[in-house]
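input_2.pdb, holding PDB, C-alpha atoms and all ligand atoms:
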```
ATOM      1  CA  MET I   1       7.399 -14.646 -21.342
ATOM      2  CA  ASP I   2       9.654 -17.343 -19.926
ATOM      3  CA  ARG I   3      10.141 -17.842 -16.208
ATOM      4  CA  ASN I   4      13.223 -15.612 -16.010
ATOM      5  CA  ASP I   5      11.406 -12.828 -17.819
ATOM      6  CA  LYS I   6       8.594 -13.082 -15.313
ATOM      7  CA  LEU I   7      11.021 -12.704 -12.447
ATOM      8  CA  ASP I   8      12.762  -9.786 -14.197
ATOM      9  CA  PHE I   9       9.371  -8.173 -14.595
ATOM     10  CA  MET I  10       8.664  -8.544 -10.894
ATOM     11  CA  LEU I  11      12.110  -7.227  -9.980
ATOM     12  CA  SER I  12      11.623  -4.203 -12.251
ATOM     13  CA  ARG I  13       8.674  -2.826 -10.252
ATOM     14  CA  ARG I  14       9.277   0.678  -8.927
ATOM     15  CA  SER I  15       7.036   3.088  -7.107
ATOM     16  CA  ALA I  16       5.841   6.051  -9.119
ATOM     17  CA  GLY I  17       6.764   9.679  -8.494
ATOM     18  CA  THR I  18       4.122  12.239  -9.428
ATOM     19  CA  LEU I  19       0.926  10.829 -10.876
ATOM     20  CA  GLY I  20      -1.626  12.542 -13.073
ATOM     21  CA  ALA I  21      -4.678  11.678 -15.167
ATOM     22  CA  PRO I  22      -5.815   9.372 -16.481
ATOM     23  CA  GLY I  23      -6.276   7.056 -13.575
ATOM     24  CA  PRO I  24      -6.854   3.362 -14.166
ATOM     25  CA  THR I  25      -9.984   2.277 -15.981
ATOM     26  CA  ARG I  26     -12.685   0.367 -14.127
ATOM     27  CA  GLU I  27     -11.444  -2.813 -15.760
ATOM     28  CA  GLN I  28      -7.859  -2.165 -14.683
ATOM     29  CA  LEU I  29      -9.025  -1.379 -11.157
ATOM     30  CA  GLU I  30     -10.995  -4.594 -11.053
ATOM     31  CA  ARG I  31      -7.999  -6.621 -12.164
ATOM     32  CA  MET I  32      -5.767  -5.019  -9.534
ATOM     33  CA  LEU I  33      -8.309  -5.648  -6.789
ATOM     34  CA  LEU I  34      -8.769  -9.251  -7.924
ATOM     35  CA  ALA I  35      -4.997  -9.741  -7.716
ATOM     36  CA  ALA I  36      -5.339  -9.139  -3.971
ATOM     37  CA  GLY I  37      -7.399 -12.317  -3.816
ATOM     38  CA  THR I  38      -4.310 -14.373  -4.685
ATOM     39  CA  VAL I  39      -2.215 -13.571  -1.617
ATOM     40  CA  PRO I  40      -1.195 -16.108   1.039
ATOM     41  CA  ASP I  41      -4.164 -16.167   3.419
ATOM     42  CA  HIS I  42      -4.270 -18.502   6.423
ATOM     43  CA  GLY I  43      -7.810 -19.777   6.819
ATOM     44  CA  ARG I  44      -8.928 -18.053   3.608
ATOM     45  CA  LEU I  45     -10.371 -15.227   5.614
ATOM     46  CA  ARG I  46      -9.756 -12.395   3.136
ATOM     47  CA  PRO I  47      -8.903 -10.152   6.082
ATOM     48  CA  PHE I  48      -8.832  -6.968   4.049
ATOM     49  CA  ARG I  49     -11.124  -4.658   2.194
ATOM     50  CA  PHE I  50     -10.698  -1.597   0.032
ATOM     51  CA  ALA I  51     -12.084   1.845  -0.632
ATOM     52  CA  VAL I  52     -11.610   3.228  -4.128
ATOM     53  CA  ILE I  53     -11.345   7.016  -4.045
ATOM     54  CA  GLU I  54     -11.822   9.018  -7.233
ATOM     55  CA  ALA I  55     -12.774  12.509  -8.376
ATOM     56  CA  GLU I  56     -14.620  14.472  -5.651
ATOM     57  CA  GLY I  57     -14.251  11.497  -3.319
ATOM     58  CA  ARG I  58     -10.706  12.739  -2.818
ATOM     59  CA  ALA I  59     -12.043  15.785  -0.952
ATOM     60  CA  ALA I  60     -13.957  13.534   1.450
ATOM     61  CA  PHE I  61     -10.855  11.395   1.953
ATOM     62  CA  GLY I  62      -8.557  14.414   2.380
ATOM     63  CA  ASP I  63     -10.923  15.947   4.960
ATOM     64  CA  ALA I  64     -11.069  12.670   6.869
ATOM     65  CA  LEU I  65      -7.274  12.380   6.864
ATOM     66  CA  ALA I  66      -6.890  15.978   8.089
ATOM     67  CA  ARG I  67      -9.525  15.527  10.818
ATOM     68  CA  ALA I  68      -7.952  12.282  11.975
ATOM     69  CA  ALA I  69      -4.525  13.948  12.054
ATOM     70  CA  ALA I  70      -5.871  16.848  14.127
ATOM     71  CA  GLU I  71      -7.644  14.433  16.460
ATOM     72  CA  ARG I  72      -4.295  12.813  17.116
ATOM     73  CA  LYS I  73      -2.402  16.115  17.442
ATOM     74  CA  PRO I  74      -4.869  18.809  18.496
ATOM     75  CA  ASP I  75      -2.194  21.546  18.414
ATOM     76  CA  MET I  76      -1.506  20.917  14.710
ATOM     77  CA  SER I  77      -1.201  24.097  12.624
ATOM     78  CA  GLU I  78      -3.672  24.866   9.848
ATOM     79  CA  ALA I  79      -0.786  24.557   7.344
ATOM     80  CA  ALA I  80       0.069  21.101   8.612
ATOM     81  CA  ARG I  81      -3.602  20.058   8.356
ATOM     82  CA  GLU I  82      -3.660  21.334   4.783
ATOM     83  CA  GLY I  83      -0.542  19.317   4.074
ATOM     84  CA  VAL I  84      -2.304  16.171   5.258
ATOM     85  CA  ARG I  85      -5.466  17.018   3.288
ATOM     86  CA  ALA I  86      -3.355  17.510   0.136
ATOM     87  CA  LYS I  87      -2.217  13.889   0.307
ATOM     88  CA  ALA I  88      -5.577  12.885  -1.134
ATOM     89  CA  PHE I  89      -4.972  14.880  -4.308
ATOM     90  CA  ARG I  90      -1.623  13.424  -5.375
ATOM     91  CA  SER I  91      -3.194  11.105  -7.953
ATOM     92  CA  PRO I  92      -6.485  10.703  -9.801
ATOM     93  CA  THR I  93      -7.301   7.399  -8.093
ATOM     94  CA  ILE I  94      -6.521   5.902  -4.702
ATOM     95  CA  ILE I  95      -7.112   2.458  -3.280
ATOM     96  CA  VAL I  96      -7.284   2.619   0.506
ATOM     97  CA  LEU I  97      -6.171  -0.661   2.045
ATOM     98  CA  ILE I  98      -8.088  -1.671   5.160
ATOM     99  CA  ALA I  99      -6.930  -4.579   7.304
ATOM    100  CA  SER I 100     -10.061  -6.356   8.438
ATOM    101  CA  PRO I 101      -9.086  -9.162  10.795
ATOM    102  CA  LYS I 102     -11.765 -11.725  11.549
ATOM    103  CA  PRO I 103     -12.443 -13.247  14.959
ATOM    104  CA  GLY I 104     -11.345 -16.848  15.435
ATOM    105  CA  LYS I 105      -8.211 -18.877  15.786
ATOM    106  CA  ILE I 106      -6.019 -17.165  13.187
ATOM    107  CA  GLU I 107      -3.816 -14.623  14.973
ATOM    108  CA  ARG I 108      -4.386 -10.982  14.203
ATOM    109  CA  TRP I 109      -0.742 -10.508  13.151
ATOM    110  CA  GLU I 110      -1.150 -13.204  10.511
ATOM    111  CA  GLN I 111      -4.220 -11.481   9.146
ATOM    112  CA  GLN I 112      -2.432  -8.128   9.052
ATOM    113  CA  ALA I 113       0.419  -9.791   7.163
ATOM    114  CA  THR I 114      -2.106 -11.087   4.635
ATOM    115  CA  ALA I 115      -3.622  -7.618   4.278
ATOM    116  CA  ALA I 116      -0.146  -6.155   3.673
ATOM    117  CA  CYS I 117       0.413  -8.773   0.978
ATOM    118  CA  ALA I 118      -2.805  -7.534  -0.648
ATOM    119  CA  GLY I 119      -1.205  -4.097  -0.906
ATOM    120  CA  TYR I 120       1.819  -5.590  -2.624
ATOM    121  CA  ALA I 121      -0.394  -7.570  -4.986
ATOM    122  CA  ILE I 122      -2.086  -4.340  -6.018
ATOM    123  CA  VAL I 123       1.154  -2.470  -6.744
ATOM    124  CA  LEU I 124       2.529  -5.465  -8.624
ATOM    125  CA  ALA I 125      -0.682  -5.788 -10.653
ATOM    126  CA  ALA I 126      -0.503  -2.065 -11.417
ATOM    127  CA  HIS I 127       3.014  -2.641 -12.740
ATOM    128  CA  ALA I 128       1.710  -5.459 -14.952
ATOM    129  CA  LEU I 129      -0.966  -3.167 -16.344
ATOM    130  CA  GLY I 130       1.400  -0.221 -16.894
ATOM    131  CA  VAL I 131      -0.382   1.875 -14.267
ATOM    132  CA  GLY I 132       1.785   4.081 -12.036
ATOM    133  CA  ALA I 133       1.427   3.210  -8.347
ATOM    134  CA  VAL I 134       2.887   4.157  -5.007
ATOM    135  CA  TRP I 135       1.837   3.037  -1.531
ATOM    136  CA  LYS I 136       1.706   5.894   0.977
ATOM    137  CA  SER I 137       0.569   6.297   4.543
ATOM    138  CA  VAL I 138      -0.005   8.639   7.453
ATOM    139  CA  PRO I 139       1.320   7.990  10.955
ATOM    140  CA  PHE I 140      -2.033   6.657  12.163
ATOM    141  CA  THR I 141      -4.350   3.871  11.034
ATOM    142  CA  ARG I 142      -7.602   4.959  12.640
ATOM    143  CA  GLY I 143      -9.465   8.042  13.857
ATOM    144  CA  GLN I 144     -13.078   9.127  14.190
ATOM    145  CA  ALA I 145     -13.279  10.667  10.728
ATOM    146  CA  LEU I 146     -11.765   7.597   9.051
ATOM    147  CA  THR I 147     -14.092   5.356  11.053
ATOM    148  CA  GLU I 148     -17.053   7.347   9.772
ATOM    149  CA  LEU I 149     -15.888   7.491   6.155
ATOM    150  CA  PHE I 150     -14.989   3.820   5.849
ATOM    151  CA  GLY I 151     -17.299   2.364   8.497
ATOM    152  CA  LEU I 152     -14.271   0.909  10.288
ATOM    153  CA  GLY I 153     -15.061  -1.879  12.728
ATOM    154  CA  GLU I 154     -13.289  -2.135  16.098
ATOM    155  CA  ALA I 155     -10.483  -4.322  14.758
ATOM    156  CA  GLU I 156     -10.066  -2.623  11.392
ATOM    157  CA  GLU I 157      -7.162  -0.364  10.458
ATOM    158  CA  MET I 158      -6.169   1.626   7.407
ATOM    159  CA  LEU I 159      -2.824   0.219   6.234
ATOM    160  CA  GLY I 160      -2.123   3.227   4.050
ATOM    161  CA  PHE I 161      -3.344   3.983   0.554
ATOM    162  CA  ILE I 162      -2.109   3.259  -2.943
ATOM    163  CA  HIS I 163      -1.968   6.161  -5.362
ATOM    164  CA  LEU I 164      -2.674   5.184  -8.960
ATOM    165  CA  GLY I 165      -2.396   7.109 -12.187
ATOM    166  CA  THR I 166      -0.139   8.067 -15.059
ATOM    167  CA  PRO I 167       3.429   9.121 -14.253
ATOM    168  CA  THR I 168       3.673  12.791 -15.240
ATOM    169  CA  ALA I 169       7.403  12.791 -15.957
ATOM    170  CA  ALA I 170       9.936  10.210 -16.977
ATOM    171  CA  GLU I 171      11.589  10.335 -13.552
ATOM    172  CA  GLU I 172      14.346   7.867 -12.839
ATOM    173  CA  PRO I 173      13.770   6.591  -9.320
ATOM    174  CA  ALA I 174      16.813   6.562  -7.056
ATOM    175  CA  ALA I 175      18.606   3.241  -7.163
ATOM    176  CA  ARG I 176      17.696   0.889  -4.356
ATOM    177  CA  PRO I 177      20.522  -0.060  -2.042
ATOM    178  CA  ALA I 178      21.727  -3.551  -2.911
ATOM    179  CA  ILE I 179      20.460  -6.266  -0.622
ATOM    180  CA  ASP I 180      23.258  -7.802   1.401
ATOM    181  CA  LEU I 181      21.912 -11.313   1.767
ATOM    182  CA  SER I 182      24.686 -12.377   4.092
ATOM    183  CA  ALA I 183      23.664  -9.618   6.540
ATOM    184  CA  LEU I 184      19.959 -10.397   6.270
ATOM    185  CA  THR I 185      19.980 -14.165   6.133
ATOM    186  CA  ILE I 186      21.331 -16.973   8.235
ATOM    187  CA  VAL I 187      21.376 -20.599   7.176
ATOM    188  CA  ILE I 188      20.851 -23.282   9.789
ATOM    189  CA  ASP I 189      21.768 -26.705   8.472
ATOM    190  CA  SER I 190      23.744 -29.786   9.465
ATOM    191  CA  ASN I 191      26.893 -27.636   9.795
ATOM    192  CA  GLY I 192      25.221 -25.391  12.355
ATOM    193  CA  THR I 193      24.509 -21.726  11.750
ATOM    194  CA  SER I 194      26.239 -19.592   9.136
ATOM    195  CA  ARG I 195      25.629 -16.490   7.102
ATOM    196  CA  PHE I 196      24.018 -16.988   3.716
ATOM    197  CA  GLY I 197      26.673 -17.106   0.986
ATOM    198  CA  SER I 198      29.624 -17.678   3.359
TER     199      SER I 198
HETATM  200  C1  LIG J   1       2.709   0.406   4.442
HETATM  201  C2  LIG J   1       3.570   1.309   3.627
HETATM  202  C3  LIG J   1       3.486   2.672   3.797
HETATM  203  C4  LIG J   1       4.303   3.539   3.074
HETATM  204  N1  LIG J   1       4.192   4.885   3.266
HETATM  205  C5  LIG J   1       4.988   5.726   2.578
HETATM  206  C6  LIG J   1       4.840   7.126   2.726
HETATM  207  O1  LIG J   1       3.970   7.616   3.430
HETATM  208  N2  LIG J   1       5.704   7.923   2.052
HETATM  209  C7  LIG J   1       6.678   7.400   1.231
HETATM  210  O2  LIG J   1       7.423   8.191   0.647
HETATM  211  N3  LIG J   1       6.792   6.083   1.037
HETATM  212  C8  LIG J   1       5.977   5.236   1.689
HETATM  213  N4  LIG J   1       6.091   3.890   1.502
HETATM  214  C9  LIG J   1       7.179   3.381   0.619
HETATM  215  C10 LIG J   1       6.856   3.517  -0.851
HETATM  216  O3  LIG J   1       5.602   2.895  -1.145
HETATM  217  C11 LIG J   1       7.948   2.857  -1.727
HETATM  218  O4  LIG J   1       8.002   1.488  -1.514
HETATM  219  C12 LIG J   1       9.319   3.438  -1.483
HETATM  220  O5  LIG J   1       9.291   4.777  -1.858
HETATM  221  C13 LIG J   1      10.426   2.696  -2.258
HETATM  222  O6  LIG J   1      10.174   2.731  -3.631
HETATM  223  P1  LIG J   1      10.150   1.380  -4.470
HETATM  224  O7  LIG J   1       8.821   0.721  -4.142
HETATM  225  O8  LIG J   1      10.285   1.814  -5.897
HETATM  226  O9  LIG J   1      11.299   0.559  -3.991
HETATM  227  C14 LIG J   1       5.248   3.008   2.158
HETATM  228  C15 LIG J   1       5.311   1.624   1.965
HETATM  229  C16 LIG J   1       4.486   0.784   2.684
HETATM  230  C17 LIG J   1       4.564  -0.700   2.460
END
```
What do you get writing this file as structure tokens?
Amino acid sequence: MDRNDKLDFMLSRRSAGTLGAPGPTREQLERMLLAAGTVPDHGRLRPFRFAVIEAEGRAAFGDALARAAAERKPDMSEAAREGVRAKAFRSPTIIVLIASPKPGKIERWEQQATAACAGYAIVLAAHALGVGAVWKSVPFTRGQALTELFGLGEAEEMLGFIHLGTPTAAEEPAARPAIDLSALTIVIDSNGTSRFGS
């Protein structure tokens, strides 16, 4: 693969739709998790950790999600709780991404950025291995039930979870809107400030 091919490969990553069995092998999982060790990481703190959820572990995860959702919104309907619980069963394997900032001089936001990069490394590694992946979340990062299940420390937060498995249908994902670099990027140089590309 030449350098352009490598970039094309990276640019061709898409999130998966529905995912079924088989999930990734242990070896594939290991390679994806090791990829997270390559992310930019100020102070080399590895401010993240993971929980791999498989098989019946999905019931424990789904229950924890539903309990944490109800803790946050006590008036939640049973149907809504079930909807949250069902999120755990959308793929054979899940990697839960936990931001685990360490005390010290590196700002917490930097460590959370590193943890988010770990999530991207995992989905990109899944793409390299031909494993379907999609990063999902719930509108909360903590809760008593999640604290118990994952042993969350005071500063730790669940930054969502990555579903892994085999795409069940050859779905074409919707095209991404083109990036307008001139809207997103300014250039500040010896001519002052301008929009990228202008
Ligand atoms: C932290 C995080 C949480 C996300 N949570 C959800 C989610 O709950 N539901 C969802 O449909 N997409 C979620 N996404 C977006 C998808 O993972 C995916 O990126 C999006 O559907 C666009 O598809 P693409 O990756 O093929 O561009 C999340 C992404 C991130 C980074």
Distance table requested - chain I against ligand LIG 1 (chain J), cut-off 10 Å, all atoms listed in the file: one row per qualifying residue with the closest atom pair and its distance in Å to one decimal, ordered by chain and rising residue number, as a Markdown table.
```
| residue | atom | partner | partner_atom | distance |
| --- | --- | --- | --- | --- |
| I:Leu11 | CA | J:LIG1 | O9 | 9.9 |
| I:Ser12 | CA | J:LIG1 | O8 | 8.9 |
| I:Arg13 | CA | J:LIG1 | O8 | 6.6 |
| I:Arg14 | CA | J:LIG1 | O8 | 3.4 |
| I:Ser15 | CA | J:LIG1 | O8 | 3.7 |
| I:Ala16 | CA | J:LIG1 | O8 | 6.9 |
| I:Gly17 | CA | J:LIG1 | O5 | 8.6 |
| I:Lys87 | CA | J:LIG1 | O1 | 9.3 |
| I:Leu97 | CA | J:LIG1 | C1 | 9.3 |
| I:Ala116 | CA | J:LIG1 | C1 | 7.2 |
| I:Cys117 | CA | J:LIG1 | C17 | 9.2 |
| I:Gly119 | CA | J:LIG1 | C17 | 7.5 |
| I:Tyr120 | CA | J:LIG1 | C17 | 7.6 |
| I:Val123 | CA | J:LIG1 | O7 | 8.7 |
| I:Leu124 | CA | J:LIG1 | O7 | 9.9 |
| I:Ala133 | CA | J:LIG1 | O3 | 8.3 |
| I:Val134 | CA | J:LIG1 | O3 | 4.9 |
| I:Trp135 | CA | J:LIG1 | O3 | 3.8 |
| I:Lys136 | CA | J:LIG1 | N1 | 3.5 |
| I:Ser137 | CA | J:LIG1 | O1 | 3.8 |
| I:Val138 | CA | J:LIG1 | O1 | 5.7 |
| I:Pro139 | CA | J:LIG1 | O1 | 8.0 |
| I:Met158 | CA | J:LIG1 | C1 | 9.4 |
| I:Leu159 | CA | J:LIG1 | C1 | 5.8 |
| I:Gly160 | CA | J:LIG1 | C1 | 5.6 |
| I:Phe161 | CA | J:LIG1 | C3 | 7.7 |
| I:Ile162 | CA | J:LIG1 | O3 | 7.9 |
| I:His163 | CA | J:LIG1 | O3 | 9.3 |
| I:Pro173 | CA | J:LIG1 | O8 | 6.8 |
| I:Ala174 | CA | J:LIG1 | O8 | 8.2 |
| I:Ala175 | CA | J:LIG1 | O9 | 8.4 |
| I:Arg176 | CA | J:LIG1 | O9 | 6.4 |
| I:Pro177 | CA | J:LIG1 | O9 | 9.4 |
```
Who sits within 9 Å of Arg49 of chain I, all atoms listed in the file, same chain under 5 positions skipped, as an mmCIF file with C-alpha atoms, in the coordinates of the input:
```cif
data_model
loop_
_atom_site.group_PDB
_atom_site.id
_atom_site.type_symbol
_atom_site.label_atom_id
_atom_site.label_comp_id
_atom_site.auth_asym_id
_atom_site.auth_seq_id
_atom_site.Cartn_x
_atom_site.Cartn_y
_atom_site.Cartn_z
ATOM 1 C CA VAL I 96 -7.284 2.619 0.506
ATOM 2 C CA LEU I 97 -6.171 -0.661 2.045
ATOM 3 C CA ILE I 98 -8.088 -1.671 5.160
ATOM 4 C CA ALA I 99 -6.930 -4.579 7.304
ATOM 5 C CA SER I 100 -10.061 -6.356 8.438
ATOM 6 C CA ALA I 115 -3.622 -7.618 4.278
#
```
### Task
Identify the residues within 12 Å of coordinate (-15.0, 9.2, 10.1) (same frame as the file), considering only C-alpha atoms, and give the answer as a ChimeraX atom specification.
/I:60-69,71,141-153,158
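Closest approach to Trp109 of chain I among I:Ala178, I:Val131, I:Ala155, I:Val39 is made by I:Ala155 (distances from all atoms listed in the file).
Taking atom CA of Asp180 of chain I and atom CA of Thr114 of chain I as the two end points, the separation is 25.8 Å.
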Computed interatomic separation between atom CA of Pro22 of chain I and atom CA of Gly165 of chain I (Å):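 Separation between atom CA of Pro22 of chain I and atom CA of Gly165 of chain I: 5.9 Å.
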